[in-house]
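protein.csv (CSV, C-alpha atoms)
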```
chain,number,residue,atom,x,y,z
M,1,MET,CA,0.0,0.0,0.0
M,2,GLU,CA,2.7,2.4,1.0
M,3,GLN,CA,4.8,1.6,-2.1
M,4,ALA,CA,1.9,2.0,-4.4
M,5,VAL,CA,1.0,5.4,-3.0
M,6,ALA,CA,4.6,6.6,-3.0
M,7,GLU,CA,4.9,5.7,-6.7
M,8,CYS,CA,1.6,7.5,-7.4
M,9,VAL,CA,2.6,10.7,-5.5
M,10,GLY,CA,6.1,10.7,-7.1
M,11,VAL,CA,4.8,10.3,-10.7
M,12,LEU,CA,1.9,12.8,-10.4
M,13,GLY,CA,3.8,15.2,-8.2
M,14,ALA,CA,6.1,16.0,-11.2
M,15,VAL,CA,3.0,17.4,-13.1
M,16,ALA,CA,1.1,18.8,-10.2
M,17,GLY,CA,1.3,22.3,-11.7
M,18,ARG,CA,-0.6,21.3,-14.8
M,19,ASP,CA,-4.4,21.6,-15.3
M,20,TRP,CA,-6.0,18.4,-14.0
M,21,ALA,CA,-9.6,19.7,-13.8
M,22,GLY,CA,-9.9,20.3,-17.5
M,23,VAL,CA,-8.4,17.0,-18.7
M,24,ARG,CA,-10.2,13.7,-18.9
M,25,ALA,CA,-8.5,10.8,-17.1
M,26,GLY,CA,-7.8,8.2,-19.8
M,27,ARG,CA,-10.9,6.2,-20.7
M,28,LEU,CA,-12.9,7.4,-17.7
M,29,GLU,CA,-15.6,10.0,-17.7
M,30,TRP,CA,-13.9,11.8,-14.8
M,31,SER,CA,-11.3,14.5,-15.0
M,32,CYS,CA,-7.8,13.9,-13.8
M,33,ARG,CA,-8.6,16.0,-10.7
M,34,GLU,CA,-11.8,14.1,-9.9
M,35,THR,CA,-10.0,10.8,-10.3
M,36,ALA,CA,-7.2,11.8,-7.9
M,37,VAL,CA,-9.8,12.8,-5.3
M,38,HIS,CA,-11.5,9.5,-5.9
M,39,ILE,CA,-8.3,7.6,-5.1
M,40,ALA,CA,-8.1,9.4,-1.7
M,41,ASP,CA,-11.8,8.8,-1.0
M,42,ASP,CA,-11.5,5.1,-1.7
M,43,LEU,CA,-8.4,4.7,0.5
M,44,ILE,CA,-10.0,6.3,3.5
M,45,ALA,CA,-13.3,4.4,2.8
M,46,TYR,CA,-11.4,1.0,2.9
M,47,ALA,CA,-9.6,2.1,6.1
M,48,GLY,CA,-12.9,3.0,7.7
M,49,GLN,CA,-14.5,-0.4,6.7
M,50,LEU,CA,-11.7,-2.3,8.5
M,51,ALA,CA,-11.3,0.1,11.5
M,52,GLY,CA,-15.0,0.4,12.1
M,53,ARG,CA,-15.7,-3.4,11.5
M,54,GLU,CA,-18.5,-2.3,9.1
M,55,SER,CA,-20.4,-5.5,8.3
M,56,GLU,CA,-23.6,-4.4,6.5
M,57,ALA,CA,-22.7,-1.3,4.4
M,58,TYR,CA,-20.1,1.3,3.8
M,59,GLY,CA,-19.5,3.8,6.6
M,60,PRO,CA,-21.6,6.9,6.1
M,61,PHE,CA,-18.9,9.4,5.4
M,62,GLU,CA,-16.7,10.8,2.6
M,63,ILE,CA,-13.9,13.2,2.4
M,64,VAL,CA,-14.4,16.8,1.2
M,65,LEU,CA,-11.3,18.8,0.3
M,66,GLU,CA,-11.1,22.4,1.5
M,67,GLU,CA,-11.8,25.0,-1.2
M,68,GLY,CA,-8.7,26.1,-2.9
M,69,THR,CA,-6.8,22.9,-2.5
M,70,ASP,CA,-4.4,22.6,-5.3
M,71,ASN,CA,-3.2,19.4,-7.1
M,72,ALA,CA,-0.2,19.1,-4.7
M,73,GLY,CA,-2.6,19.2,-1.8
M,74,VAL,CA,-4.7,16.4,-3.3
M,75,LEU,CA,-1.5,14.3,-3.5
M,76,ARG,CA,-0.8,15.1,0.2
M,77,VAL,CA,-4.3,13.8,1.0
M,78,ILE,CA,-3.7,10.6,-1.1
M,79,GLY,CA,-0.5,10.1,0.9
M,80,THR,CA,-2.3,10.5,4.2
M,81,MET,CA,-5.2,8.3,3.3
M,82,GLY,CA,-2.8,5.6,2.0
M,83,THR,CA,-0.9,5.7,5.3
M,84,LEU,CA,-4.2,5.3,7.2
M,85,LEU,CA,-5.3,2.3,5.1
M,86,ALA,CA,-1.9,0.7,5.6
M,87,ALA,CA,-2.2,1.2,9.4
M,88,ALA,CA,-5.7,-0.3,9.4
M,89,VAL,CA,-4.5,-3.4,7.5
M,90,ARG,CA,-1.6,-3.9,9.9
M,91,THR,CA,-3.7,-3.6,13.0
M,92,THR,CA,-6.8,-5.6,11.9
M,93,PRO,CA,-6.8,-9.3,12.9
M,94,ARG,CA,-6.8,-11.6,10.0
M,95,GLU,CA,-10.2,-13.1,10.9
M,96,VAL,CA,-12.0,-9.8,10.7
M,97,ARG,CA,-14.1,-9.3,7.5
M,98,ALA,CA,-15.8,-6.0,6.6
M,99,PHE,CA,-18.4,-5.1,4.0
M,100,HIS,CA,-17.6,-4.8,0.4
M,101,PRO,CA,-20.3,-5.5,-2.2
M,102,TYR,CA,-18.2,-7.5,-4.8
M,103,PRO,CA,-18.8,-10.4,-5.1
M,104,PHE,CA,-19.6,-12.0,-1.8
M,105,ARG,CA,-20.3,-8.9,0.4
M,106,SER,CA,-17.1,-9.0,2.5
M,107,ALA,CA,-13.3,-8.9,2.4
M,108,ASN,CA,-10.5,-9.4,4.9
M,109,ARG,CA,-7.6,-7.2,5.5
M,110,GLU,CA,-5.6,-8.7,2.6
M,111,GLY,CA,-8.6,-8.1,0.3
M,112,PHE,CA,-8.8,-4.5,1.3
M,113,ALA,CA,-5.1,-4.0,0.8
M,114,ALA,CA,-5.3,-5.5,-2.7
M,115,MET,CA,-8.3,-3.3,-3.5
M,116,GLY,CA,-6.5,-0.2,-2.2
M,117,VAL,CA,-3.4,-1.0,-4.3
M,118,ALA,CA,-5.6,-1.7,-7.3
M,119,GLU,CA,-7.3,1.7,-7.0
M,120,VAL,CA,-4.0,3.5,-6.8
M,121,LEU,CA,-2.4,1.7,-9.7
M,122,LEU,CA,-5.3,1.8,-12.1
M,123,HIS,CA,-6.3,5.4,-11.4
M,124,THR,CA,-2.7,6.7,-11.4
M,125,HIS,CA,-2.6,5.0,-14.9
M,126,ASP,CA,-5.8,6.8,-15.9
M,127,ILE,CA,-4.5,10.2,-14.8
M,128,ALA,CA,-1.1,9.6,-16.4
M,129,GLU,CA,-2.7,8.6,-19.7
M,130,GLY,CA,-4.9,11.7,-19.6
M,131,LEU,CA,-1.9,13.9,-19.0
M,132,GLY,CA,0.3,12.1,-21.5
M,133,ILE,CA,3.0,11.0,-19.1
M,134,ALA,CA,4.7,7.6,-18.6
M,135,TYR,CA,3.7,5.4,-15.7
M,136,GLU,CA,4.4,1.7,-15.0
M,137,PRO,CA,4.2,0.4,-11.4
M,138,ASP,CA,6.4,-2.2,-9.9
M,139,PRO,CA,5.4,-5.6,-11.3
M,140,ALA,CA,5.3,-7.1,-7.7
M,141,LEU,CA,2.4,-4.6,-6.9
M,142,CYS,CA,0.5,-5.8,-9.9
M,143,ASP,CA,1.1,-9.4,-9.0
M,144,PHE,CA,-0.1,-8.7,-5.5
M,145,VAL,CA,-3.4,-7.5,-6.8
M,146,LEU,CA,-3.9,-10.2,-9.5
M,147,THR,CA,-3.2,-13.1,-7.2
M,148,ARG,CA,-5.6,-11.9,-4.5
M,149,ILE,CA,-8.6,-10.3,-6.1
M,150,PHE,CA,-8.4,-11.4,-9.8
M,151,PRO,CA,-8.2,-15.2,-9.2
M,152,HIS,CA,-10.2,-15.9,-12.3
M,153,VAL,CA,-7.7,-14.1,-14.6
M,154,GLN,CA,-5.0,-16.2,-16.2
M,155,PRO,CA,-1.5,-14.8,-15.8
M,156,GLY,CA,-0.3,-13.0,-18.9
M,157,PRO,CA,3.0,-11.9,-20.4
M,158,THR,CA,3.6,-9.4,-17.6
M,159,PRO,CA,1.5,-8.5,-14.5
M,160,TRP,CA,1.0,-4.9,-15.4
M,161,ARG,CA,-0.3,-5.7,-19.0
M,162,THR,CA,-2.5,-8.4,-17.5
M,163,LEU,CA,-4.0,-6.1,-15.0
M,164,LEU,CA,-4.7,-3.4,-17.6
M,165,TRP,CA,-6.3,-6.0,-19.8
M,166,ALA,CA,-8.4,-7.4,-17.0
M,167,THR,CA,-9.8,-4.0,-16.2
M,168,ALA,CA,-10.6,-2.9,-19.7
M,169,ARG,CA,-7.6,-0.6,-20.1
M,170,GLY,CA,-5.5,-2.6,-22.6
M,171,GLU,CA,-5.2,-5.5,-24.9
M,172,LEU,CA,-3.5,-8.9,-24.7
M,173,PRO,CA,-2.6,-11.0,-27.7
M,174,GLY,CA,-4.9,-13.9,-28.1
M,175,ARG,CA,-7.5,-12.6,-25.7
M,176,ALA,CA,-10.8,-10.9,-26.4
M,177,PRO,CA,-11.1,-7.3,-25.1
M,178,VAL,CA,-12.7,-6.9,-21.7
M,179,THR,CA,-15.7,-4.7,-21.6
M,180,GLN,CA,-17.1,-5.4,-18.1
M,181,TRP,CA,-15.1,-6.5,-15.1
M,182,ARG,CA,-15.1,-6.8,-11.3
M,183,TRP,CA,-12.5,-8.1,-8.9
M,184,SER,CA,-13.3,-11.0,-6.7
M,185,ASN,CA,-12.6,-11.3,-3.0
M,186,ASN,CA,-12.5,-14.8,-1.5
M,187,LEU,CA,-15.6,-16.5,-0.5
M,188,VAL,CA,-16.1,-17.5,3.2
M,189,ILE,CA,-18.7,-20.2,4.0
M,190,GLU,CA,-20.0,-20.2,7.6
M,191,ALA,CA,-20.4,-23.3,9.7
M,192,GLU,CA,-21.2,-23.7,13.4
M,193,ARG,CA,-17.7,-23.9,14.8
M,194,LEU,CA,-15.8,-23.2,11.6
M,195,THR,CA,-15.4,-20.8,8.7
M,196,LEU,CA,-14.4,-22.2,5.4
M,197,GLN,CA,-12.2,-19.6,3.9
M,198,GLY,CA,-11.5,-19.6,0.1
M,199,VAL,CA,-7.9,-19.9,-0.8
M,200,THR,CA,-6.5,-17.2,-3.2
M,201,PRO,CA,-3.8,-18.0,-5.8
M,202,ALA,CA,-1.4,-16.1,-3.6
M,203,ALA,CA,-2.2,-18.3,-0.6
M,204,ALA,CA,-2.2,-21.4,-2.8
M,205,THR,CA,1.3,-20.6,-4.0
M,206,ASP,CA,2.6,-20.3,-0.4
M,207,LEU,CA,0.8,-23.4,0.8
M,208,SER,CA,2.0,-25.5,-2.0
M,209,THR,CA,5.6,-25.0,-0.9
M,210,VAL,CA,6.6,-24.6,2.7
M,211,GLY,CA,4.4,-21.6,3.7
M,212,ASP,CA,1.3,-21.3,5.9
M,213,GLY,CA,-0.8,-19.4,3.3
M,214,GLY,CA,-1.3,-16.6,5.8
M,215,PHE,CA,-3.2,-18.9,8.2
M,216,ALA,CA,-2.3,-19.7,11.9
M,217,TRP,CA,-2.3,-23.5,11.8
M,218,LEU,CA,-2.9,-26.0,14.6
M,219,ASP,CA,0.2,-27.9,15.5
M,220,GLY,CA,1.1,-30.3,12.7
M,221,GLY,CA,-0.4,-28.3,9.9
M,222,PRO,CA,-0.7,-27.8,7.0
M,223,VAL,CA,-0.6,-31.5,6.1
M,224,GLU,CA,0.7,-32.9,2.8
M,225,GLY,CA,-2.8,-33.3,1.3
M,226,THR,CA,-3.4,-29.5,1.8
M,227,ARG,CA,-0.1,-28.7,0.1
M,228,VAL,CA,-0.9,-31.0,-2.9
M,229,GLY,CA,-4.4,-29.5,-3.2
M,230,ALA,CA,-3.0,-26.0,-3.1
M,231,GLY,CA,-0.6,-26.9,-5.9
M,232,LEU,CA,-3.5,-28.0,-8.0
M,233,VAL,CA,-5.3,-24.7,-7.3
M,234,TYR,CA,-2.3,-22.7,-8.5
M,235,LYS,CA,-2.0,-24.9,-11.6
M,236,GLN,CA,-5.6,-24.2,-12.5
M,237,TYR,CA,-5.0,-20.5,-12.0
M,238,GLU,CA,-1.9,-20.6,-14.3
M,239,ASP,CA,-4.0,-22.5,-16.9
M,240,GLY,CA,-6.8,-20.0,-16.7
M,241,VAL,CA,-9.5,-22.5,-15.5
M,242,HIS,CA,-9.6,-21.6,-11.9
M,243,ARG,CA,-13.0,-20.6,-10.6
M,244,PRO,CA,-12.4,-19.6,-7.0
M,245,GLU,CA,-15.7,-20.5,-5.4
M,246,TRP,CA,-15.2,-24.1,-6.8
M,247,GLY,CA,-11.7,-24.2,-5.5
M,248,MET,CA,-10.1,-24.9,-2.1
M,249,TYR,CA,-11.1,-23.7,1.4
M,250,VAL,CA,-9.1,-23.7,4.6
M,251,LEU,CA,-11.1,-24.7,7.7
M,252,VAL,CA,-10.6,-22.2,10.5
M,253,ARG,CA,-11.9,-22.7,14.0
M,254,ARG,CA,-13.9,-19.8,15.3
M,255,GLU,CA,-12.8,-20.0,18.9
M,256,ASP,CA,-9.2,-19.4,18.3
M,257,GLY,CA,-8.7,-18.7,14.6
M,258,ARG,CA,-6.6,-21.8,14.1
M,259,ALA,CA,-6.6,-23.5,10.7
M,260,LEU,CA,-7.4,-27.2,11.0
M,261,GLY,CA,-7.3,-28.5,7.5
M,262,ALA,CA,-8.6,-28.0,4.0
M,263,MET,CA,-11.6,-29.0,1.9
M,264,GLY,CA,-12.5,-28.2,-1.6
M,265,PHE,CA,-13.6,-29.2,-5.1
M,266,HIS,CA,-11.4,-30.8,-7.7
M,267,SER,CA,-12.9,-28.6,-10.4
M,268,VAL,CA,-16.2,-26.9,-11.5
M,269,PRO,CA,-19.3,-29.0,-11.9
M,270,ASP,CA,-19.3,-31.0,-15.1
M,271,ALA,CA,-22.1,-31.0,-17.7
M,272,ALA,CA,-24.2,-33.4,-15.6
M,273,GLY,CA,-23.9,-31.2,-12.5
M,274,ARG,CA,-21.5,-33.5,-10.7
M,275,VAL,CA,-18.7,-32.0,-8.6
M,276,GLU,CA,-16.1,-33.9,-6.7
M,277,VAL,CA,-14.9,-32.9,-3.2
M,278,GLY,CA,-11.8,-33.8,-1.2
M,279,TYR,CA,-10.6,-32.9,2.3
M,280,ASP,CA,-8.0,-33.5,5.1
M,281,LEU,CA,-7.4,-32.5,8.7
M,282,VAL,CA,-4.5,-31.9,10.9
M,283,GLU,CA,-4.2,-35.0,13.1
M,284,ALA,CA,-4.8,-33.1,16.3
M,285,ALA,CA,-8.2,-31.9,15.0
M,286,ARG,CA,-9.5,-35.3,14.0
M,287,GLY,CA,-12.2,-37.1,16.0
M,288,HIS,CA,-14.1,-33.9,16.9
M,289,GLY,CA,-16.6,-33.7,14.0
M,290,TYR,CA,-15.0,-30.8,12.2
M,291,ALA,CA,-14.7,-32.6,8.9
M,292,THR,CA,-18.4,-33.6,9.0
M,293,GLU,CA,-19.5,-30.1,9.9
M,294,ALA,CA,-17.4,-28.6,7.1
M,295,LEU,CA,-18.5,-31.1,4.6
M,296,ARG,CA,-22.2,-30.5,5.3
M,297,ALA,CA,-21.6,-26.7,5.0
M,298,LEU,CA,-19.7,-27.0,1.7
M,299,SER,CA,-22.0,-29.5,0.2
M,300,SER,CA,-25.0,-27.4,1.1
M,301,TRP,CA,-23.4,-24.4,-0.5
M,302,ALA,CA,-22.7,-26.3,-3.7
M,303,LEU,CA,-26.1,-27.9,-4.0
M,304,ASP,CA,-27.7,-24.5,-3.7
M,305,ARG,CA,-26.0,-23.5,-6.9
M,306,PRO,CA,-27.9,-24.1,-10.1
M,307,GLU,CA,-24.9,-25.7,-11.8
M,308,ALA,CA,-24.4,-28.4,-9.2
M,309,ARG,CA,-26.8,-31.4,-8.8
M,310,VAL,CA,-24.6,-34.1,-7.1
M,311,VAL,CA,-21.5,-33.9,-4.8
M,312,VAL,CA,-19.2,-36.8,-5.2
M,313,ALA,CA,-16.4,-38.2,-3.0
M,314,THR,CA,-14.0,-41.0,-3.6
M,315,VAL,CA,-12.1,-42.6,-0.7
M,316,GLU,CA,-9.8,-45.5,-0.2
M,317,ARG,CA,-11.3,-48.8,1.1
M,318,ASP,CA,-9.1,-48.8,4.2
M,319,ASN,CA,-9.9,-45.1,5.1
M,320,LEU,CA,-12.6,-45.9,7.6
M,321,PRO,CA,-12.6,-42.5,9.3
M,322,SER,CA,-13.3,-40.7,6.0
M,323,GLN,CA,-16.0,-43.1,5.2
M,324,HIS,CA,-17.7,-42.3,8.5
M,325,VAL,CA,-17.4,-38.6,7.8
M,326,LEU,CA,-19.2,-39.1,4.5
M,327,ALA,CA,-21.9,-41.2,6.1
M,328,ARG,CA,-22.5,-38.7,8.9
M,329,ALA,CA,-22.7,-35.9,6.3
M,330,GLY,CA,-25.5,-37.7,4.5
M,331,PHE,CA,-23.6,-39.2,1.6
M,332,THR,CA,-24.5,-42.6,0.2
M,333,ARG,CA,-22.1,-45.2,-1.2
M,334,VAL,CA,-22.9,-45.7,-4.8
M,335,ALA,CA,-20.0,-47.6,-6.4
M,336,GLU,CA,-16.8,-49.4,-5.6
M,337,ASP,CA,-13.7,-50.9,-7.1
M,338,PRO,CA,-10.9,-53.0,-5.6
M,339,GLU,CA,-9.2,-49.9,-4.1
M,340,HIS,CA,-11.9,-47.2,-3.8
M,341,LEU,CA,-15.4,-46.4,-2.7
M,342,THR,CA,-17.5,-43.7,-4.3
M,343,TYR,CA,-20.1,-41.7,-2.3
M,344,GLU,CA,-22.6,-39.2,-3.5
M,345,LEU,CA,-24.9,-36.5,-2.1
M,346,GLY,CA,-27.6,-35.1,-4.4
M,347,ALA,CA,-29.7,-32.0,-4.3
M,348,PRO,CA,-33.1,-32.5,-2.7
M,349,GLY,CA,-34.7,-33.3,-6.0
M,350,GLU,CA,-31.9,-35.7,-6.9
M,351,ARG,CA,-32.0,-37.8,-3.7
```
Output the file's structure as structure tokens, nothing else.
Amino acid sequence: MEQAVAECVGVLGAVAGRDWAGVRAGRLEWSCRETAVHIADDLIAYAGQLAGRESEAYGPFEIVLEEGTDNAGVLRVIGTMGTLLAAAVRTTPREVRAFHPYPFRSANREGFAAMGVAEVLLHTHDIAEGLGIAYEPDPALCDFVLTRIFPHVQPGPTPWRTLLWATARGELPGRAPVTQWRWSNNLVIEAERLTLQGVTPAAATDLSTVGDGGFAWLDGGPVEGTRVGAGLVYKQYEDGVHRPEWGMYVLVRREDGRALGAMGFHSVPDAAGRVEVGYDLVEAARGHGYATEALRALSSWALDRPEARVVVATVERDNLPSQHVLARAGFTRVAEDPEHLTYELGAPGER
């Protein structure tokens, strides 16, 4: 956040003496001046969402600049608002989620950081384009945004060009122009003792190696199955077929914020509406009904979607605990082979 704002203020500060009010900002309908004020307004709005723990709507305030504030003054306000958002991100616990409308009506501190950086990068670009000056942010900032709030966008030749294409500001060879877009914060599915928190490509990359994905794990976690599943998520992202709500979720215990395991779908539902699920738990969390609770919540969420009709799970014959989880979650054994058993749970009309 601080780096993005510093780059913005540095680039635009060099042309602060020019007329911003009479110049359109790139492809936007706003002037460069209006766009700069919008950056500041968004940054303090996001900080307010986190600091105020706003859960139902945006906080009822906006900034108003004093009459006579020049362009340099607007940049000072952007710098201040960026500092406030960075402070809010640092001091907000990772489990806190605040209201944001797109697409699942909430975001955590990482989501608000990514949205704030996106606002700065994209609107600095708009202003620079309007004023005819060069601007290209650090690729790491663009990658930070893409891997957190654009999980459905396949990586392109460079992060900056990909971000511009994904937000209808540029072209990429071999890809159709974008005319409508929205970013996507991770989905969280609520259960009684747990939350199922969608794994972003950034978290998947970390989990697939030796990292914790940004989660505080119970002793012994994450286990190998989680790391393998995270690697598959990132491969789908690289291939451009990742659909985050049909991806992987980390199971987080409400009482202490500890991650206990992972659960998720192998891919999107097929043409027949069948979608396969898999899961694992840290050993210390087994035997407490967490997997059953999570599976019920995830299956219920899936079967409420029009594209899903049946949730499928395949387990090894000798994995009795997993078979018991499936039975308790309402699944029925429908097929077997020498090594595996197949279970299904259908939507109410399919059962």
Original post:
How many Å lie between atom CA of M:Tyr279 and atom CA of M:Val223, rounded to one decimal?
Top reply: 10.8 Å
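In this comparison, which uses all atoms listed in the file, the residue of M:Arg109, M:His324, M:His100, M:Arg274 approaching M:Glu344 most closely is M:Arg274.
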**OP:** Find the distance between atom CA of M:Gly26 and atom CA of M:Pro177 and write it in Å to one decimal.
**Re:**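 Those two atoms sit 16.7 Å apart.
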Original post:
Which of these residues is nearest to M:Gly130, using all atoms listed in the file: M:Arg27, M:His288, M:His340, M:Arg333?
Top reply: M:Arg27
Original post:
Of the candidates M:Arg309, M:Val89, M:Ser208, M:Val77, which shows the shortest atom-to-atom distance to M:Asp41, using only C-alpha atoms?
Top reply: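 Using only C-alpha atoms, the shortest distance to M:Asp41 belongs to M:Val77.
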Original post:
Which one is closest to M:Ser184: M:Pro338, M:Gly257, M:Gly330, M:Pro244? Count all atoms listed in the file.
Top reply: M:Pro244
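With only C-alpha atoms as the basis for measurement, M:Gly111 is the residue among M:Gly17, M:Gly111, M:Gly10, M:Gly198 that approaches M:Gln49 most closely.
For stretch 84-87 of chain M, the non-local neighbours within 7 Å, defined as residues at least 6 positions apart in the same chain or in other chains and counting all atoms listed in the file, are M:Met1, M:Glu2, M:Leu43, M:Ile44, M:Tyr46, M:Ala47.
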Original post:
Which polymer residues have any atom within 7 Å of an atom of stretch 153-166 of chain M, counting all atoms listed in the file, with same-chain residues fewer than 5 positions away left out, as number ranges by chain?
Top reply: M: 139, 142-143, 146, 171-172, 178, 237-240
**OP:** Figure out the distance between atom CA of M:Gly225 and atom CA of M:Leu345, please, to one decimal in Å.
**Re:** 22.6 Å
Subject >> Counting only C-alpha atoms, the residue of M:Ala88, M:Val5, M:Ala297, M:Leu131 that sits nearest M:Asp19 >> reply: M:Leu131
**OP:** Would you list the contacts of M:Pro151 as a ChimeraX atom specification, taking every protein, DNA or RNA residue within 10 Å and counting only C-alpha atoms, but skipping same-chain residues closer than 5 positions in sequence?
**Re:** /M:145-146,183-186,199-202,234,236-238,240-245
